[in-house]
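Student: Following this message is one structure expressed as C-alpha cells.
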Amino acid sequence: MIRYIIRRLLWAVVMLWVVSFVTFVVFYLLPTAEPAALRAGKNPTPALIASIRHSLGLDKPWYQQYLHYMERLFLHFDFGYSYHYNIAVKQQIFERLPATISLVLGAAVIWIAVGVGVGVISAVRRGTLLDRATMGAALVAISAPVYWLGLLALFLFASDIGKVAHIFPGAGSYVPLSEDPVKWFTSLILPWLVLAASFAAIYARLLRANLIEVLSEDYIRTARAKGLSERRVTRHGLRGAITPIVSAAGVDIGVALGGVILVETVFNIPGVGRLAYESIINADLPMIQGTVLVGAFFIVFANLTVDILYAFIDPRVRYT
Amino acid sequence: MSSSPGASTGERAAAPAGERPPVGALVEVVDLVKHFPITRGVILQRRIGAVRAVDGVSFEVRRGETLGIVGETGCGKSTTAKLIMRLLDPTSGQVRFDGRDITRLKGAPLKAMRRDMQMIFQDPYSSLNPRKTVGSIIGDPFAIHGLERGRAQRKRAVQALMETVGLNPEHYNRYPHEFSGGQRQRIGVARALALRPKLLIADEPVSALDVSIQAQVLNLLRDLQARFGLTLVFIAHDLSVVRHMCDRVAVMYLGKIVEIGPSDALYRFPRHPYTGALLSAVPVADPARARERRALVSGDVPSPANPPPACRFHTRCPKVRERCRTDEPALAPKGSGTEAACHFPLTEQEVARMHVVTGPVRPA
Amino acid sequence: MSATEPLLRVEDLCVRFSTEDGVVHAVDGVTFQVLPGRTLGIVGESGSGKTVSALTVLGLTRRMGAQISGRILFEGRDLVALGEDRLRAIRGNEIAMIFQDPLSSLHPFYSVGHQLIEAVRAHRPVSRAQARARAVELLQLVGMPDPQRRVDEYPHEFSGGMRQRAMIAMALANEPRLLIADEPTTALDVTVQAQILALLETLQRELSMSIVIITHDLGVVAEMAHDVAVMYGGRIVETAPVAPLFAAPQHPYSWGLLRSIPRLDTPREEQLVPIPGTPPSLIARPSGCHFHPRCPYAGPECSRIDPRLQPLPDEPEHYVACLLEPQLRSRLWGALRDGATPEQALRRAGEPARAVELPPRAREHR
C-alpha cells in the first residue's frame with residue numbers, strides 16, 4: 001500500500017510537470033495579448049514596453065523563461081510574480097484558496113448528504129409518487145444552468161434585492177471564516193445550495209440506479225433470509241452501491257477545488273476560480289500557471305484519494 | 001443439393017492422398033502448454049507469475065471417436081479445447097490436425113483449417129447474436145467462407161441443416177429469443193455443422209440446459225456423429241454424461257492429464273486416486289446404493305496459479321506418500337487398460353472400498 | 001403419512017405474479033409436509049415452482065409483489081397470515097435458507113465474521129464479542145480449517161466449497177429447526193459437492209433439524225432425501241418416500257426424468273429417452289394435466305381433466321397426479337426400466353393404439 005502511494009505520488013509529480021509545460025507552451029504559441037503592453041498604461045512608448053518586457057524576462061527565448069520558472073518553482077516553491085497585480089502568485093493564490101475551499105467543501109457536504117439520502121429513499125420506494133416526484137425534481141436541478149440558479153436565488157432570497165424574503169446575505173457578502181464565523185456561514189448558504197443543487201441531483205439519480213440494481217443481488221436476499229430488519233438490509237445495499245458515488249465525489253470535489261468560476265462570479269466570492277478567470281483576461285501568465293497547477297494538483301490528489309478509499313470500501317481491491 | 005447439409009462444399013483443396021494417414025489420429029496434441037501471465041503495475045506491467053492453465057498435455061483424438069475431457073474447475077479442459085481450435089496461442093507444444101502442424105498457422109491457411117473444426121459452447125443464450133435471424137446465424141459460416149452463394153441456394157442449405165438438427169425449417173426467419181434453451185443449442189449445432197467439419201468440439205454443451213432437455217441434445221450429437229462420421233471432443237464436468245457419450249476419456253487435474261483410457265476401463269477400474277475420488281463423489285440416482293458410498297477427498301482444488309509441486313494431487317490424495325511430493329509421476333499404462341500418472345495406483349480392493357458405482361458393460 | 005406431527009405443512013399454496021404478459025402461476029396449489037429430523041427433496045426443472053415455494057415459506061416473495069394464498073403451517077403458526085415483523089423473527093432463526101451460488105449470496109464488502117455476527121445478533125441479545133465467539137464456533141462446526149483467522153477474511157478469499165460452508169454456518173447461527181437448501185451444490189465441483197452433502201447430513205443428525213433440499217439432480221435427492229416431491233409446472237405431480245419413488249415411480253414425468261439422464265450405474269450404451277418438447281408456460285398453461293402435451297402416454301381425457309394428487313391404493317404415503325390406470329402405469333414403468341422406448345413400452349403394455357397417437361413434435365426429438 002505504502003509503495004503504491006509512493007508510486008502514485010511520483011506519477012502525480014510527472015503529471016503536474018506535463019500540465020505546467022503544456023500550459024506554458026499554449027500560452028506562448030497561441031496569439032494572446034502582450035502582457036507588457038497591458039501593464040504599460042495608455043499610449044506607451046515602444047521603449048517603455050521594451051523595458052517592461054525586459055523586467056518581466058519576456059525578451060528571453062520561451063524555453064529559458066520556462067527553465068527559469070521551473071527552477072524557482074522546484075527550488076524555492078515560488079510561482080513567480082503576477083504581471084498584473086505585481087505581487088507573488090503564491091501569496092495571491094493562498095489568499096484566494098480559503099474562499100474556494102469553504103465554498104466547495106460546504107457544498108460537497110450538502111450534495112453528498114442530499115444526493116445519498118434522496119437516492120436511497122427513491123430506490124427503496126421505487127415506483128411510488130415520492131420516487132417519481134424527487135426524480136422529476138432532480139432532472140430539473142440537473143438541467144438548470146448554475147448561473148441562472150444563482151441569479152434566481154439572489155433574486156428571490158438575497159437580503160438586499162430578495163423579492164420573496166430578505167433571508168440570506170446577497171452577492172459580495174463573503175467574509176473569511178477567521179474574521180467572523182457566523183457571517184462566513186450565512187454568506188455561504190446560498191452559494192452552497194446553488195453549487196450543490198445539480199451535483200445532489202446527479203448523485204441521487206446515480207445512487208438510485210445503482211442501489212436498485214444492488215437490491216436485486218443474491219446477497220440482499222441472503223440478508224433478508226437471515227431475518228435482518230429492512231433498515232439493515234438497506235444498509236447492506238448501500239454498502240454495495242456506494243463505490244461509484246465515492247469516485248464521483250472525489251473527482252467532482254477535486255475539480256471544484258481548482259475554482260468554481262460561475263458560482264464565485266455570481267456571488268462575487270474572491271476564490272481561485274475568479275482569480276483564474278481574471279488572470280486569463282489579463283494575460284497574466286504566472287497567475288494562469290499558478291491557478292492551473294493548483295487545479296491540476298487538486299484533481300490528481302483527489303484521484304489518488306479515491307483510489308486509496310477504494311481499498312477500504314472494497315476488500316477485493318489490493319494495491320501493491 | 002443432396003439431403004446431407006453442406007454437401008456441396010466439396011471444392012476444398014484436397015491434399016495429396018499420401019500425406020494423410022488414412023486411419024489413426026485426427027488430432028495429436030504434443031506437450032501442450034498454456035500459461036496466462038499474471039501482471040502487476042499501473043503503466044509498466046511486470047510479470048509476477050502465471051496461471052498454468054494447461055501444463056504439458058499430450059494426447060490424440062482418433063478419427064471417428066468421441067474423446068471426453070473431464071475435470072473440475074481450473075483443470076484446463078476448456079483451455080485445451082481453445083488451443084486445439086487455435087482460439088488461443090499455446091505457450092509451447094504442438095497441435096497436429098489431420099497430420100499437419102497447425103500450431104503456428106496464420107491468416108488464410110488458418111481460416112481454411114478452421115472449416116474442418118467447429119465448436120459448440122456451453123451457453124446457448126450468450127453464444128448466439130440476438131439481432132440476427134436463425135437463418136443468418138446458421139448461414140454465417142457459408143458467408144464467411146464464400147460458399148452457397150445466392151439467396152435461394154443458401155436458404156435451402158440452411159433449412160436442410162435445420163431439418164438435420166431437429167428444428168422446424170419454417171422458423172428460418174425467427175430470432176434466437178423465440179427459441180427455448182434446447183432449441184438454441186440445436187441452432188449452435190447446426191451452425192457448427194454447416195461446413196461439414198471433421199472435428200467437432202463440444203464444451204459443456206448441456207450443462208446450461210434443463211435435465212429433460214439434456215438428453216435431446218446428447219442424442220442429437222450421437223446421431224449426427226454416426227451420420228456424418230464426425231470426430232468429437234466432448235468436454236464436461238459431469239462424469240455420467242461423459243461416460244455415456246465417450247469412447248475414451250481423459251481426466252484432467254490442474255492442467256495435467258492424470259488418467260486417460262477407454263471409457264469402460266476407466267470407469268470400471270480407475271487407477272488414479274483422483275479419478276476414483278471423482279467417480280465416488282458422483283451422486284447416483286439410486287437410494288439403495290447412494291447411502292453406502294463416499295470416499296471423500298478433502299479440500300478444494302488448489303489454484304492453478306500456484307499448483308503443488310511434483311504430483312499435483314498430492315495435497316488431497318488419500319494415498320499420498322513422500323515420493324509423491326518430490327517426484328512427478330508420468331502417464332504410463334497400469335495394466336488395466338488405462339494410462340495413469342500415479343506412483344501408487346489404486347488397487348482393485350481400494351476401488352471396491354470406494355464404492356465406485358459402475359453399471360454393467362453391455363456386450364457389443 | 002406417519003403419525004408424527006409435521007414440522008412444516010404447506011397446504012394448497014398458490015403464488016402468482018402479475019406481469020406485463022399476464023399472470024404467472026408460479027406455484028399452483030402445492031401441498032407437502034416436512035417431518036421433524038427428516039429431509040424432503042423437491043425435484044424439478046427451472047420454472048417448476050420449487051424455488052418460489054421455498055422463498056414463499058420464508059416470506060421472501062412478499063416484496064416481489066406475489067399474491068399468495070393457501071396455508072404454510074410451521075409449528076402451528078400460519079406463516080402466510082403472519083405479520084412481517086413476526087415472520088422476520090422466524091427467518092434466519094427457526095427457519096434458515098442457503099442458496100445456489102455462495103459467492104453472489106455473500107456480501108462482498110463485509111467480512112465473513114461480520115456477516116455471521118450479524119446473523120447471530122439479529123435474533124439474540126448478545127454482545128459483539130459473544131457473537132464473534134459464536135461465529136468462530138460456527139465456522140469450526142462446518143469444518144472450516146483455522147476458523148480464528150478465517151473469521152476476519154472476506155468471501156473472495158475463500159474457495160467455492162469454503163464459501164458454501166460459510167453460508168451454512170450463517171444459516172445455522174441460531175440453530176434453526178428447518179433448513180431450506182436451494183440447489184446448495186449446483187455451483188460446486190463434484191468432489192466439493194460430496195463434502196457439502198456429507199456435512200449437511202452430519203449437521204442434520206447433530207442438530208436434529210429438518211431439511212428441505214431443492215435440486216434438479218436426482219442423484220442428490222437419492223442421497224439426501226427421506227421423502228421426495230416431484231414438481232412440474234408449478235405443481236407437485238408425485239410425492240413419496242425416497243425408496244418407492246425411485247423403485248416404482250408413478251408419474252410419466254418422473255419416468256422421463258429418470259430415463260433422460262445418463263447414470264453411472266446403467267449400461268453405458270443404453271439409449272437416453274428425452275422428454276419431448278419444452279417446459280410449459282406458467283402464463284398460458286396447458287389444459288387438463290399440465291404434462292399432457294409432453295406425455296407420450298397421454299389419452300384424450302388428459303387434456304380435459306386436471307388430475308388431483310391422490311394416494312396409491314396400496315401405498316398410502318405415495319401420491320401421484322395422473323389419470324393413467326395404476327396397472328398400466330406399473331406395466332409401462334416395468335418396460336421403461338428395462339430400457340424400452342415409450343413406444344415399445346406402450347406396445348408391451350398392450351396399448352399400441354396410444355403409441356400411434358403420439359403428437360408429431362413429440363416423436364421428432366427422439
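Chain labels A, B, ... are given in the sequence in which chains occur in the C-alpha cells; within each chain residues are numbered consecutively from 1, and ligands are likewise numbered from 1 in the order shown.
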Within 7 Å of chain C, which residues of chain A show up? Give each one with its shortest atom-to-atom distance in Å (one decimal) and the two atoms involved, counting only C-alpha atoms, rows by chain then rising residue number, as a tab-separated table.

Tutor:
residue	atom	partner	partner_atom	distance
A:Asp218	CA	C:Ser105	CA	4.7
A:Tyr219	CA	C:Ser105	CA	4.1
A:Thr222	CA	C:Ser105	CA	6.0
A:Ala225	CA	C:Gly92	CA	5.7
A:Lys226	CA	C:Gly92	CA	4.0
A:Gly227	CA	C:Arg91	CA	4.7
A:Leu228	CA	C:Ala122	CA	5.8
A:Ile313	CA	C:Phe109	CA	6.9
A:Asp314	CA	C:Phe109	CA	5.5
A:Pro315	CA	C:Phe109	CA	6.0
A:Arg316	CA	C:His156	CA	6.8

Student: How close does chain A get to chain B? List, as a Markdown table, each residue of chain A within 12 Å, its nearest atom pair and the distance in Å to one decimal, counting only C-alpha atoms.

Tutor:
| residue | atom | partner | partner_atom | distance |
| --- | --- | --- | --- | --- |
| A:Arg3 | CA | B:Gly41 | CA | 11.4 |
| A:Tyr4 | CA | B:Gly41 | CA | 9.3 |
| A:Ile5 | CA | B:Val42 | CA | 11.8 |
| A:Arg7 | CA | B:Val42 | CA | 9.2 |
| A:Arg8 | CA | B:Val42 | CA | 9.0 |
| A:Trp11 | CA | B:Ile43 | CA | 9.9 |
| A:Arg318 | CA | B:Arg40 | CA | 10.9 |
| A:Tyr319 | CA | B:Gly41 | CA | 9.3 |
| A:Thr320 | CA | B:Arg40 | CA | 8.0 |

Student: Next, dump the selected residues to file, keeping only C-alpha atoms, as a short mmCIF file (atom, residue, chain, number, x, y, z; two decimals), in the first residue's frame.

Tutor:
data_model
loop_
_atom_site.label_atom_id
_atom_site.label_comp_id
_atom_site.auth_asym_id
_atom_site.auth_seq_id
_atom_site.Cartn_x
_atom_site.Cartn_y
_atom_site.Cartn_z
CA ARG A 3 4.72 1.55 -2.06
CA TYR A 4 1.63 2.04 -4.17
CA ILE A 5 1.06 5.51 -2.73
CA ARG A 7 4.50 5.35 -6.86
CA ARG A 8 1.29 7.23 -7.42
CA TRP A 11 3.36 9.89 -11.13
CA ARG A 318 -5.46 -4.75 -3.32
CA TYR A 319 -2.64 -2.38 -4.19
CA THR A 320 0.95 -3.45 -4.27
#

Student: Under the rule that only C-alpha atoms are counted, which of C:Val136, C:Val112, C:Ala340, C:Val242 is the nearest residue to chain B?

Tutor: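 Smallest separation from chain B among the options: C:Val242.
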
Student: What are the residues of chain C lining chain B at 6 Å or less? Count only C-alpha atoms, and put the answer as number ranges by chain.

Tutor: C: 45, 189, 191, 194, 218-220, 222-223, 260, 262-268, 274-275

Student: Near Ala112 in chain B, counting only C-alpha atoms, which residues have an atom at most 9 Å away, once you skip same-chain residues fewer than 4 positions from it, shown as an mmCIF file with N, CA and C atoms, in the first residue's frame?

Tutor:
data_model
loop_
_atom_site.group_PDB
_atom_site.id
_atom_site.type_symbol
_atom_site.label_atom_id
_atom_site.label_comp_id
_atom_site.auth_asym_id
_atom_site.auth_seq_id
_atom_site.Cartn_x
_atom_site.Cartn_y
_atom_site.Cartn_z
ATOM 1 N N ARG B 12 -13.132 -27.863 -51.599
ATOM 2 C CA ARG B 12 -11.930 -27.640 -50.803
ATOM 3 C C ARG B 12 -10.752 -28.387 -51.417
ATOM 4 N N GLY B 107 -3.432 -16.480 -40.791
ATOM 5 C CA GLY B 107 -4.055 -15.947 -41.999
ATOM 6 C C GLY B 107 -4.903 -16.951 -42.752
ATOM 7 N N ALA B 108 -4.735 -16.955 -44.073
ATOM 8 C CA ALA B 108 -5.600 -17.765 -44.933
ATOM 9 C C ALA B 108 -5.533 -19.259 -44.613
ATOM 10 N N ASP B 116 -12.557 -27.123 -40.975
ATOM 11 C CA ASP B 116 -12.586 -28.540 -40.625
ATOM 12 C C ASP B 116 -12.810 -28.792 -39.147
ATOM 13 N N HIS B 145 -16.962 -18.170 -45.585
ATOM 14 C CA HIS B 145 -16.086 -18.927 -46.470
ATOM 15 C C HIS B 145 -16.512 -18.842 -47.929
#

Student: Which residues are close to range 130-132 of chain C, i.e. within 6 Å by only C-alpha atoms, leaving aside same-chain residues fewer than 3 positions away? Reply as a list in words.

Tutor: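 After dropping sequence-adjacent residues, the list is Ile117, Ser127 and Ala135 of chain C.
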
Student: Residues at most 7 Å from Phe32 in chain C, counting only C-alpha atoms, excluding those fewer than 4 positions away in the same chain, as a ChimeraX atom specification?

Tutor: /C:9-11

Student: I'd like to know which of A:Leu154, A:Val164, A:Pro98, A:Ala36 is closest to Gly57 in chain A, using only C-alpha atoms.

Tutor: A:Ala36

Student: Which residues, written as number ranges by chain, have at least one atom at most 10 Å from range 254-269 of chain A, with only C-alpha atoms counted and residues fewer than 3 positions away on the same chain left out?

Tutor: A: 96-105, 108, 145-151, 154, 169-175, 187-188, 190-192, 194-195, 248-251, 272-277, 291-303, 305

Student: Considering only C-alpha atoms, can you say which of C:Val126, C:Ile261, C:Ala240, C:Leu203 comes closest to Gln33 in chain C?

Tutor: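 Ranking C:Val126, C:Ile261, C:Ala240, C:Leu203 by distance to Gln33 in chain C, first place goes to C:Ala240.
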
Student: Give me, as a PyMOL selection string, all polymer residues having an atom no more than 8 Å from Tyr81 in chain A, counting only C-alpha atoms and skipping those fewer than 3 positions away in the same chain.

Tutor: chain A and resi 86-89+286-287

Student: Output N, CA and C atoms of each residue in that selection to a file, as a tab-separated table (two decimals), in the first residue's frame.

Tutor:
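This is the output file part.tsv:
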chain	number	residue	atom	x	y	z
A	86	ASN	N	1.33	42.53	-9.61
A	86	ASN	CA	2.66	42.79	-9.11
A	86	ASN	C	2.86	42.30	-7.67
A	87	ILE	N	2.18	41.18	-7.34
A	87	ILE	CA	2.50	40.54	-6.07
A	87	ILE	C	2.80	39.08	-6.37
A	88	ALA	N	3.32	38.37	-5.36
A	88	ALA	CA	3.68	36.97	-5.57
A	88	ALA	C	2.42	36.16	-5.88
A	89	VAL	N	2.52	35.31	-6.92
A	89	VAL	CA	1.39	34.45	-7.30
A	89	VAL	C	1.00	33.56	-6.15
A	286	PRO	N	2.08	34.09	-15.21
A	286	PRO	CA	2.44	33.43	-13.95
A	286	PRO	C	1.20	33.06	-13.13
A	287	MET	N	0.20	33.93	-13.18
A	287	MET	CA	-1.00	33.64	-12.41
A	287	MET	C	-1.79	32.50	-13.05

Student: According to DSSP computed on the backbone, where in range 116-191 of chain C is there alpha helix (DSSP H)? Give the residues as a PyMOL selection string.

Tutor: chain C and resi 116-121+128-141+147-150+160-171+190-191

Student: What would the file look like if the residues just selected were written as a short mmCIF file (atom, residue, chain, number, x, y, z; two decimals), in the first residue's frame with N, CA and C atoms?

Tutor:
data_model
loop_
_atom_site.label_atom_id
_atom_site.label_comp_id
_atom_site.auth_asym_id
_atom_site.auth_seq_id
_atom_site.Cartn_x
_atom_site.Cartn_y
_atom_site.Cartn_z
N LEU C 116 -21.59 -13.28 9.87
CA LEU C 116 -22.03 -14.29 10.84
C LEU C 116 -22.52 -13.62 12.12
N ILE C 117 -21.76 -12.62 12.58
CA ILE C 117 -22.12 -11.91 13.81
C ILE C 117 -23.50 -11.28 13.66
N GLU C 118 -23.72 -10.70 12.47
CA GLU C 118 -25.00 -10.07 12.19
C GLU C 118 -26.15 -11.07 12.29
N ALA C 119 -25.90 -12.28 11.74
CA ALA C 119 -26.94 -13.30 11.78
C ALA C 119 -27.27 -13.67 13.22
N VAL C 120 -26.25 -13.77 14.08
CA VAL C 120 -26.48 -14.11 15.48
C VAL C 120 -27.24 -12.98 16.17
N ARG C 121 -26.73 -11.76 15.96
CA ARG C 121 -27.29 -10.62 16.71
C ARG C 121 -28.66 -10.20 16.21
N ARG C 128 -21.19 -8.09 20.99
CA ARG C 128 -20.39 -8.29 19.80
C ARG C 128 -19.36 -9.41 20.02
N ALA C 129 -18.70 -9.37 21.20
CA ALA C 129 -17.66 -10.36 21.49
C ALA C 129 -18.25 -11.76 21.59
N GLN C 130 -19.39 -11.85 22.24
CA GLN C 130 -20.03 -13.17 22.34
C GLN C 130 -20.43 -13.68 20.96
N ALA C 131 -20.96 -12.78 20.15
CA ALA C 131 -21.40 -13.17 18.81
C ALA C 131 -20.19 -13.61 17.98
N ARG C 132 -19.07 -12.93 18.19
CA ARG C 132 -17.87 -13.29 17.46
C ARG C 132 -17.38 -14.67 17.86
N ALA C 133 -17.43 -14.94 19.16
CA ALA C 133 -17.03 -16.27 19.64
C ALA C 133 -17.93 -17.33 19.02
N ARG C 134 -19.20 -17.01 18.94
CA ARG C 134 -20.16 -17.93 18.33
C ARG C 134 -19.83 -18.12 16.84
N ALA C 135 -19.43 -17.04 16.17
CA ALA C 135 -19.09 -17.12 14.75
C ALA C 135 -17.93 -18.09 14.54
N VAL C 136 -16.92 -17.98 15.38
CA VAL C 136 -15.77 -18.89 15.26
C VAL C 136 -16.22 -20.33 15.50
N GLU C 137 -17.06 -20.49 16.51
CA GLU C 137 -17.58 -21.81 16.84
C GLU C 137 -18.36 -22.40 15.65
N LEU C 138 -19.15 -21.53 14.99
CA LEU C 138 -19.94 -21.99 13.84
C LEU C 138 -19.04 -22.42 12.70
N LEU C 139 -17.99 -21.62 12.45
CA LEU C 139 -17.08 -21.98 11.36
C LEU C 139 -16.41 -23.32 11.66
N GLN C 140 -16.08 -23.52 12.93
CA GLN C 140 -15.50 -24.80 13.33
C GLN C 140 -16.48 -25.94 13.06
N LEU C 141 -17.74 -25.67 13.39
CA LEU C 141 -18.79 -26.68 13.24
C LEU C 141 -18.93 -27.13 11.79
N PRO C 147 -10.47 -21.48 11.92
CA PRO C 147 -11.57 -20.52 11.95
C PRO C 147 -11.21 -19.20 12.62
N GLN C 148 -10.30 -19.23 13.61
CA GLN C 148 -9.91 -17.98 14.29
C GLN C 148 -9.41 -16.94 13.30
N ARG C 149 -8.66 -17.42 12.30
CA ARG C 149 -8.09 -16.50 11.33
C ARG C 149 -9.11 -16.19 10.23
N ARG C 150 -9.79 -17.22 9.79
CA ARG C 150 -10.64 -17.05 8.61
C ARG C 150 -11.88 -16.21 8.89
N GLY C 160 -14.69 -21.96 -3.37
CA GLY C 160 -16.12 -22.20 -3.54
C GLY C 160 -16.72 -23.05 -2.43
N GLY C 161 -16.04 -24.12 -2.09
CA GLY C 161 -16.54 -25.01 -1.05
C GLY C 161 -16.57 -24.32 0.31
N MET C 162 -15.51 -23.54 0.59
CA MET C 162 -15.44 -22.85 1.88
C MET C 162 -16.51 -21.78 1.99
N ARG C 163 -16.83 -21.15 0.86
CA ARG C 163 -17.91 -20.16 0.86
C ARG C 163 -19.23 -20.81 1.22
N GLN C 164 -19.49 -21.97 0.62
CA GLN C 164 -20.76 -22.61 0.92
C GLN C 164 -20.77 -23.06 2.39
N ARG C 165 -19.60 -23.46 2.91
CA ARG C 165 -19.54 -23.78 4.34
C ARG C 165 -19.86 -22.55 5.17
N ALA C 166 -19.35 -21.41 4.75
CA ALA C 166 -19.64 -20.18 5.49
C ALA C 166 -21.13 -19.85 5.44
N MET C 167 -21.74 -20.07 4.26
CA MET C 167 -23.19 -19.85 4.15
C MET C 167 -23.95 -20.77 5.10
N ILE C 168 -23.50 -22.03 5.15
CA ILE C 168 -24.18 -22.98 6.03
C ILE C 168 -24.00 -22.54 7.49
N ALA C 169 -22.78 -22.10 7.83
CA ALA C 169 -22.54 -21.64 9.19
C ALA C 169 -23.49 -20.50 9.55
N MET C 170 -23.69 -19.60 8.59
CA MET C 170 -24.57 -18.47 8.82
C MET C 170 -26.01 -18.94 9.03
N ALA C 171 -26.42 -19.92 8.23
CA ALA C 171 -27.78 -20.44 8.36
C ALA C 171 -27.97 -21.13 9.71
N VAL C 190 -17.64 -31.56 -8.19
CA VAL C 190 -18.27 -32.79 -7.70
C VAL C 190 -17.62 -33.29 -6.41
N THR C 191 -16.31 -33.15 -6.27
CA THR C 191 -15.68 -33.62 -5.02
C THR C 191 -16.10 -32.73 -3.86
#
